[in-house]
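Q: Questions regarding the structure given below will be posed in turn.
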Amino acid sequence: MATLHTEKPPCFIRKVTVLESIIAAIVAALVVLVVIAAIAVVRSRRGNETPMVGPRVSHVDTLAFARDAKDGDGGKVSSTPMEAPGQAVGNLKTRFAALGVLVAGIFGSLTAKLWSLQVLSSSVYEERAENNLFVTVSTPAPRGEILDSTGQVLAKNRSAQTVLAEAEVATDTDVLRRLSAVLGIPFNILRQRAADSSAGAQGQRVLAEDARLRDVAFISEHADAFEGITIEMRTIREYPYGALAAHALGYTGSPTQEQLDGSEEGREILSVDTVGLAGLESKYDNVISGDHGARRVAVDAVGNVVEVVSETLPTKGSDIVLTLDSRVQYVADTALAELIAPGDVIGMGKGVSGAAVVLDVRTGAVVAMSSFPTYDPNKLTGSISEDIWSVYNSEDSYAPLSNRVVNGLYAAASTYKAFTSLAALQYGFADGSSTWDCTGSWDGFGSGDIQKCWNHAGHGVLDLRGGIVNSCDVVFYEIAKAFYDHGPNGTGELSETALQDYLKRFGLGQVTGIDLDNESAGRIPTPEWKTQAFRNRPADGVWRGGDYTNMIIGQGDVLVTPLQIAVAYGGIATGTIMKPHLLQSVRNSQGETVVTYEPEVVMDLDVDPSDLSFVRDALRGVITDNKNPARLFEEAGVQAAGKSGTAEHTEKPDDAWFVAYAPYDDPKYVAAVVIEQGGGGSEVAAPLVAQLLQATLAADSGTSDVVPQRLVGSTGQVVEYKGTSGERED
C-alpha cells in the first residue's frame, strides 16, 4: 500500500492552519470596519453641505417665513438658531474618535487572542494537535508455551500469514469482492470483519488467519488492486500432540464479551487477542499472555491512516512448565481410548466414557490427567466448524469437552470402604479381632427390607481385614448400623453426622483446590441435605438407617470425582493430604525461572497411626489375595495397595472403579480409574491402573521407552452399547 509522506512536520502544519484562520478573521474585521467608516463619512458630508452664493438661510426658516406671511403676520420672520460650522466639524471628530476607539479595541482583542494562542498556550494546542493527528493502535502478543515436566512442548505458537485491512477498506466494495474471490471467504463475512472497530477505529482488522501461501502471493503481486490490504506474520496457537492431555491444557480463542468487559487490573484484553477459554490456558491466561505491541500512526481529517510513525513489537508471554509427564499421559490417553472406543467408535469396547489420573503422593503433582472421550484443541482454536462443534457438544457423543477427572461425579462404590473402615476403627465399632458372619443377605434393622451382599452366597465369617479384602457388604452394613444405633435415633452418643464428619477429613465432599476452574465438590449425604433435597416430598426426606448402609459402601447419594479419590488414597498412603497441582514453574520471555510451585499440605490426617497401618495392610491384601488383581500387578512388576469398586445403577450398566498406590512400602504415586458402564472394577479398571503405575514408575526411574505421538480427538462415531451389569465381584 502506498504511503503518503508530508514535507513538513505534522504539528507545524496544524499550527500554520490555526494562524491562517486568525489572519483571515482579522482581515475580514478590517474590511467591515473600513466599510462602516466610509458610510459614516459620506453621511456626515451630506448633512453639512451649504449653498455656493447668497445669504445662508436654512430651509426650515424659509418655510416658516412663508407660513407667517400667508397668515398675515405682517412679514414677521420667525427662525431657529442655525448650527455653526465649527460645531458640525466637532461632531464629526467625535464620531471618528469613537470609531477609532472601537477599531483599537477590536485590534487589541485580536492581538491578545493571537498572543495567547501562539505564545502563552502554544504548547497546549500543540499537544492537542498531536493527539488529534496521531493514534496509537495495539497489536496482539504471542502467548507463552506450555511444556511438560520433561521439557516436551505441549502448546506453542505457529507463524501464520494473516491478512489485515485498514479501516477504510470496510467501505471499499471492490477490494472486498476481490478478496472474497481470492480467499474463498464470503463477501458478507469479510465486510463484517473489516467493519469491526472493537480494537480501535484506526486499528487494522483481521480478515483471514493462516492464509494460503498462493493467496498471499497473489495479493502481494497485485497490490494496486488491494489498496489498504497488508500481509503480516502473526502467531496461531498449536498443540503438536493433538488431543494429548487436552482436558488439562484446554484451548484458546477470541475473547468473550465478558472477558473484554472485565479486563483485570494491569492487563487490557482486546478483541484481536487470543485468550484461554478452558483448562490451563484459561487458568494461567494472565501468565501466558504477553504485552501488546503498539503502532503509532498519523491520520487525516477523516481518520484514515496516512503514515505509520513508529512501531513497538509485542512481548511474548511467559512459559509455564507442568507436572504432567507426556509419556505417562500418552499411556493414559491411549489406554482409555483403546478400552472404550476401539476403532474410534464408542460402544465397541468396555464402557462409554471414563477418566484416569495419576498423582505424586509426596507433592500432589499431577503426573497424568486423562478423560475420554476427548477432543483436539487445534480444532477449537480460531474459527470452529459447525460439524466439529456439534460433535464436541452433543450428548450422543458423551460430551468430549467435559473433564471427568475434576467434573465427573460418580458413586464411589467400594473404594469408599477404606475410609469407612477407618471410621469404624476410630469410633471402636471394629478392631483387629472383630468378626461378622456374611450369609449373603442382611436385614439388621428388622424392617423386612433385605439388603444383599455382592456375593449372594455369602462370605461366611470375616474379620475387618477380610471384609476389606473381599469387599464384603454385610461387614460394612453392620458398621453402618453401629453408627445409627449410637446416633440421635439410638443412644445419642454420637451426632447424626459423626460418620460424615470423619469422611471430610480425607477431603471428600469438598473441592481439592487443583489449579483448574469449575471443579466439582462431590457430595457426602447428610440428614440436612436429604431434607432439603426432598423438601417437596417431606416423607422421602426423613433420614433412615438405610441411608447409613448405602453411604458406608459408597452407594446411595454419595458422589465423588476421580481426583478426590486419588487425593484421599494418597492421604492413606502417606498420612498427609496434599493439594493437587498442575503447575511446576514459570519461565519469563528470557527463559529465566521466575516462579517455582511449592507443594502445599492441606492437612495431616488426624488418624491413629495403627489404624492407618491396619487399613494399608488390608489394601495390600486386596491386590495380593484376589486372583485377577494379583496377576495384573505381578505382570506389571508393581508392588501396590489399592481397592476395587463397582457402582450399581438401576437403569444402566455398572461403573468400574480401581485405585491403587505404589510402591506399597514406599508410596510415591497413586492412580485412580473409573469406566462409566464398564462393569466390574477388578476386571475392567484394574488393568489400566496397573498399566499406569508401571509407566509412571518407569518414567520416574528413567527406564521409560514410551515415545508420545499425536492423538486424534473424538470422531463422534457411536454405536449402541451392549454392556450389561452382570454380577458384582467387588
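Just so we're on the same page: first chain in the C-alpha cells is A, next is B, and so on; residues restart at 1 for each chain, and ligands are numbered from 1 in the order they show up.
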Excluding same-chain residues fewer than 3 positions from Asp376 of chain A, what lies within 8 Å of it counting only C-alpha atoms, as a PyMOL selection string?

A: chain A and resi 242-244+246+379-380+711-714

Q: With C-alpha atoms kept, could you save the residues just selected as an mmCIF file, in the first residue's frame?

A:
```
data_model
loop_
_atom_site.group_PDB
_atom_site.id
_atom_site.type_symbol
_atom_site.label_atom_id
_atom_site.label_comp_id
_atom_site.auth_asym_id
_atom_site.auth_seq_id
_atom_site.Cartn_x
_atom_site.Cartn_y
_atom_site.Cartn_z
ATOM 1 C CA GLY A 242 -3.243 -33.095 19.184
ATOM 2 C CA ALA A 243 -5.593 -34.477 21.811
ATOM 3 C CA LEU A 244 -2.829 -35.430 24.271
ATOM 4 C CA ALA A 246 -6.426 -31.914 26.045
ATOM 5 C CA LYS A 379 -9.857 -27.719 16.073
ATOM 6 C CA LEU A 380 -11.198 -25.253 18.650
ATOM 7 C CA LEU A 711 -3.544 -38.221 19.163
ATOM 8 C CA VAL A 712 -6.864 -37.536 17.487
ATOM 9 C CA GLY A 713 -9.959 -36.244 19.219
ATOM 10 C CA SER A 714 -13.383 -37.833 19.267
#
```

Q: Could you name the residues that touch segment 580-596 of chain A at 8 Å or less, counting only C-alpha atoms, but leaving out those on the same chain fewer than 5 positions away, as a list in words?

A: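 That gives Gly144, Ser149, Thr315, Lys316, Gly317, Ser318, Asp319, Ile320, Val321, Leu322, Thr323, Leu324, Leu359, Thr363, Gly364, Ala365, Val366, Thr512, Gly513, Ile514, Asp515 and Val567 of chain A.
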
Q: Have a look at atom CA of Thr252 of chain A and atom CA of Tyr597 of chain A and let me know their distance in Å, one decimal.

A: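 Interatomic distance, atom CA of Thr252 of chain A to atom CA of Tyr597 of chain A: 23.9 Å.
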
Q: Find the residues around Lys668 of chain A up to 8 Å (only C-alpha atoms counted), leave out those fewer than 2 positions away in its own chain, and share them as a PyMOL selection string.

A: chain A and resi 360-362+661-663+666+670

Q: Would you compute the distance between atom CA of Leu508 of chain A and atom CA of Gln639 of chain A? Give it in Å to one decimal.

A: 26.4 Å

Q: Residues within 12 Å of Ala640 of chain A, please, as a count of residues only. Count only C-alpha atoms; anything in the same chain fewer than 5 positions from it doesn't count.

A: 37

Q: Within segment 258-504 of chain A, find each residue whose DSSP state, derived from the backbone, is helix (DSSP H, G or I), and express the selection as JSON, numbers by chain.

A: {"A": [258, 259, 260, 261, 279, 280, 281, 282, 283, 285, 286, 287, 288, 326, 327, 328, 329, 330, 331, 332, 333, 334, 335, 336, 337, 338, 339, 340, 342, 343, 344, 377, 378, 379, 380, 386, 387, 388, 389, 390, 391, 392, 393, 395, 396, 397, 404, 405, 406, 407, 413, 414, 415, 416, 417, 418, 419, 420, 421, 422, 423, 424, 425, 426, 464, 465, 466, 467, 468, 469, 473, 474, 475, 476, 477, 478, 479, 480, 481, 482, 483, 484, 485, 498, 499, 500, 501, 502, 503, 504]}

Q: For Leu503 of chain A, list every protein, DNA or RNA residue within 9 Å, evaluated using only C-alpha atoms, and leave out those in the same chain fewer than 5 positions away; present the list as a list in words.

A: Phe419, Thr420, Ala423, Ala498, Leu508, Gly509 and Ile524 of chain A

Q: Would you save the residues from that selection as an mmCIF file, in the first residue's frame, using C-alpha atoms?

A:
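Result file follows (result.cif):
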```
data_model
loop_
_atom_site.group_PDB
_atom_site.id
_atom_site.type_symbol
_atom_site.label_atom_id
_atom_site.label_comp_id
_atom_site.auth_asym_id
_atom_site.auth_seq_id
_atom_site.Cartn_x
_atom_site.Cartn_y
_atom_site.Cartn_z
ATOM 1 C CA PHE A 419 -12.397 -44.562 54.676
ATOM 2 C CA THR A 420 -15.444 -46.029 56.395
ATOM 3 C CA ALA A 423 -14.131 -44.543 60.847
ATOM 4 C CA ALA A 498 -20.339 -38.338 63.015
ATOM 5 C CA LEU A 508 -14.376 -35.860 50.390
ATOM 6 C CA GLY A 509 -17.363 -33.648 49.649
ATOM 7 C CA ILE A 524 -21.434 -36.657 51.361
#
```

Q: Go through segment 350-597 of chain A and collect every residue that DSSP, computed from the backbone, puts in strand (DSSP E); the answer should be as a ChimeraX atom specification.

A: /A:353-360,366-372,435-438,441-442,451-452,460-463,576-578,583-587,593-596

Q: Identify, on the basis of only C-alpha atoms, every residue whose closest approach to Val511 of chain A does not exceed 10 Å; exclude the query and any residue fewer than 2 positions from it along the same chain; express the result as a ChimeraX atom specification.

A: /A:406,507-509,513-514,518-522,560-561,563-564

Q: I need the residues from that last selection saved to file as an mmCIF file, in the first residue's frame (with N, CA, C and O atoms), if you can.

A:
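Listed below is the output, again.cif:
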```cif
data_model
loop_
_atom_site.group_PDB
_atom_site.id
_atom_site.type_symbol
_atom_site.label_atom_id
_atom_site.label_comp_id
_atom_site.auth_asym_id
_atom_site.auth_seq_id
_atom_site.Cartn_x
_atom_site.Cartn_y
_atom_site.Cartn_z
ATOM 1 N N VAL A 406 -12.067 -33.950 37.069
ATOM 2 C CA VAL A 406 -12.398 -32.936 38.076
ATOM 3 C C VAL A 406 -13.882 -32.589 38.096
ATOM 4 O O VAL A 406 -14.354 -32.003 39.081
ATOM 5 N N GLY A 507 -10.961 -35.012 52.653
ATOM 6 C CA GLY A 507 -11.250 -34.074 51.571
ATOM 7 C C GLY A 507 -12.454 -34.449 50.740
ATOM 8 O O GLY A 507 -12.718 -33.807 49.711
ATOM 9 N N LEU A 508 -13.192 -35.457 51.140
ATOM 10 C CA LEU A 508 -14.376 -35.860 50.390
ATOM 11 C C LEU A 508 -15.493 -34.845 50.610
ATOM 12 O O LEU A 508 -15.620 -34.253 51.685
ATOM 13 N N GLY A 509 -16.292 -34.640 49.575
ATOM 14 C CA GLY A 509 -17.363 -33.648 49.649
ATOM 15 C C GLY A 509 -16.877 -32.224 49.552
ATOM 16 O O GLY A 509 -17.639 -31.291 49.808
ATOM 17 N N GLY A 513 -8.995 -28.116 45.267
ATOM 18 C CA GLY A 513 -8.221 -26.886 45.090
ATOM 19 C C GLY A 513 -7.230 -26.951 43.947
ATOM 20 O O GLY A 513 -6.351 -26.098 43.834
ATOM 21 N N ILE A 514 -7.359 -27.942 43.074
ATOM 22 C CA ILE A 514 -6.457 -28.044 41.931
ATOM 23 C C ILE A 514 -6.549 -26.785 41.077
ATOM 24 O O ILE A 514 -7.585 -26.104 41.051
ATOM 25 N N ASN A 518 -13.754 -24.451 37.912
ATOM 26 C CA ASN A 518 -15.042 -25.160 37.925
ATOM 27 C C ASN A 518 -14.936 -26.614 38.409
ATOM 28 O O ASN A 518 -15.622 -27.496 37.897
ATOM 29 N N GLU A 519 -14.115 -26.856 39.398
ATOM 30 C CA GLU A 519 -14.015 -28.201 39.953
ATOM 31 C C GLU A 519 -15.290 -28.541 40.732
ATOM 32 O O GLU A 519 -15.840 -27.703 41.447
ATOM 33 N N SER A 520 -15.744 -29.785 40.597
ATOM 34 C CA SER A 520 -16.927 -30.239 41.331
ATOM 35 C C SER A 520 -16.540 -30.669 42.746
ATOM 36 O O SER A 520 -15.456 -31.215 42.965
ATOM 37 N N ALA A 521 -17.453 -30.450 43.697
ATOM 38 C CA ALA A 521 -17.161 -30.741 45.104
ATOM 39 C C ALA A 521 -17.592 -32.134 45.525
ATOM 40 O O ALA A 521 -17.133 -32.641 46.550
ATOM 41 N N GLY A 522 -18.455 -32.781 44.750
ATOM 42 C CA GLY A 522 -18.959 -34.080 45.188
ATOM 43 C C GLY A 522 -19.982 -33.918 46.302
ATOM 44 O O GLY A 522 -20.436 -32.805 46.601
ATOM 45 N N VAL A 560 -18.493 -38.620 44.181
ATOM 46 C CA VAL A 560 -17.084 -38.233 44.255
ATOM 47 C C VAL A 560 -16.562 -37.988 42.841
ATOM 48 O O VAL A 560 -17.160 -38.427 41.852
ATOM 49 N N THR A 561 -15.420 -37.319 42.757
ATOM 50 C CA THR A 561 -14.706 -37.201 41.490
ATOM 51 C C THR A 561 -13.500 -38.135 41.541
ATOM 52 O O THR A 561 -13.000 -38.458 42.630
ATOM 53 N N LEU A 563 -10.517 -37.389 40.934
ATOM 54 C CA LEU A 563 -9.417 -36.665 41.573
ATOM 55 C C LEU A 563 -9.530 -36.733 43.091
ATOM 56 O O LEU A 563 -8.525 -36.915 43.794
ATOM 57 N N GLN A 564 -10.745 -36.599 43.632
ATOM 58 C CA GLN A 564 -10.930 -36.690 45.079
ATOM 59 C C GLN A 564 -10.496 -38.051 45.614
ATOM 60 O O GLN A 564 -9.834 -38.134 46.657
#
```
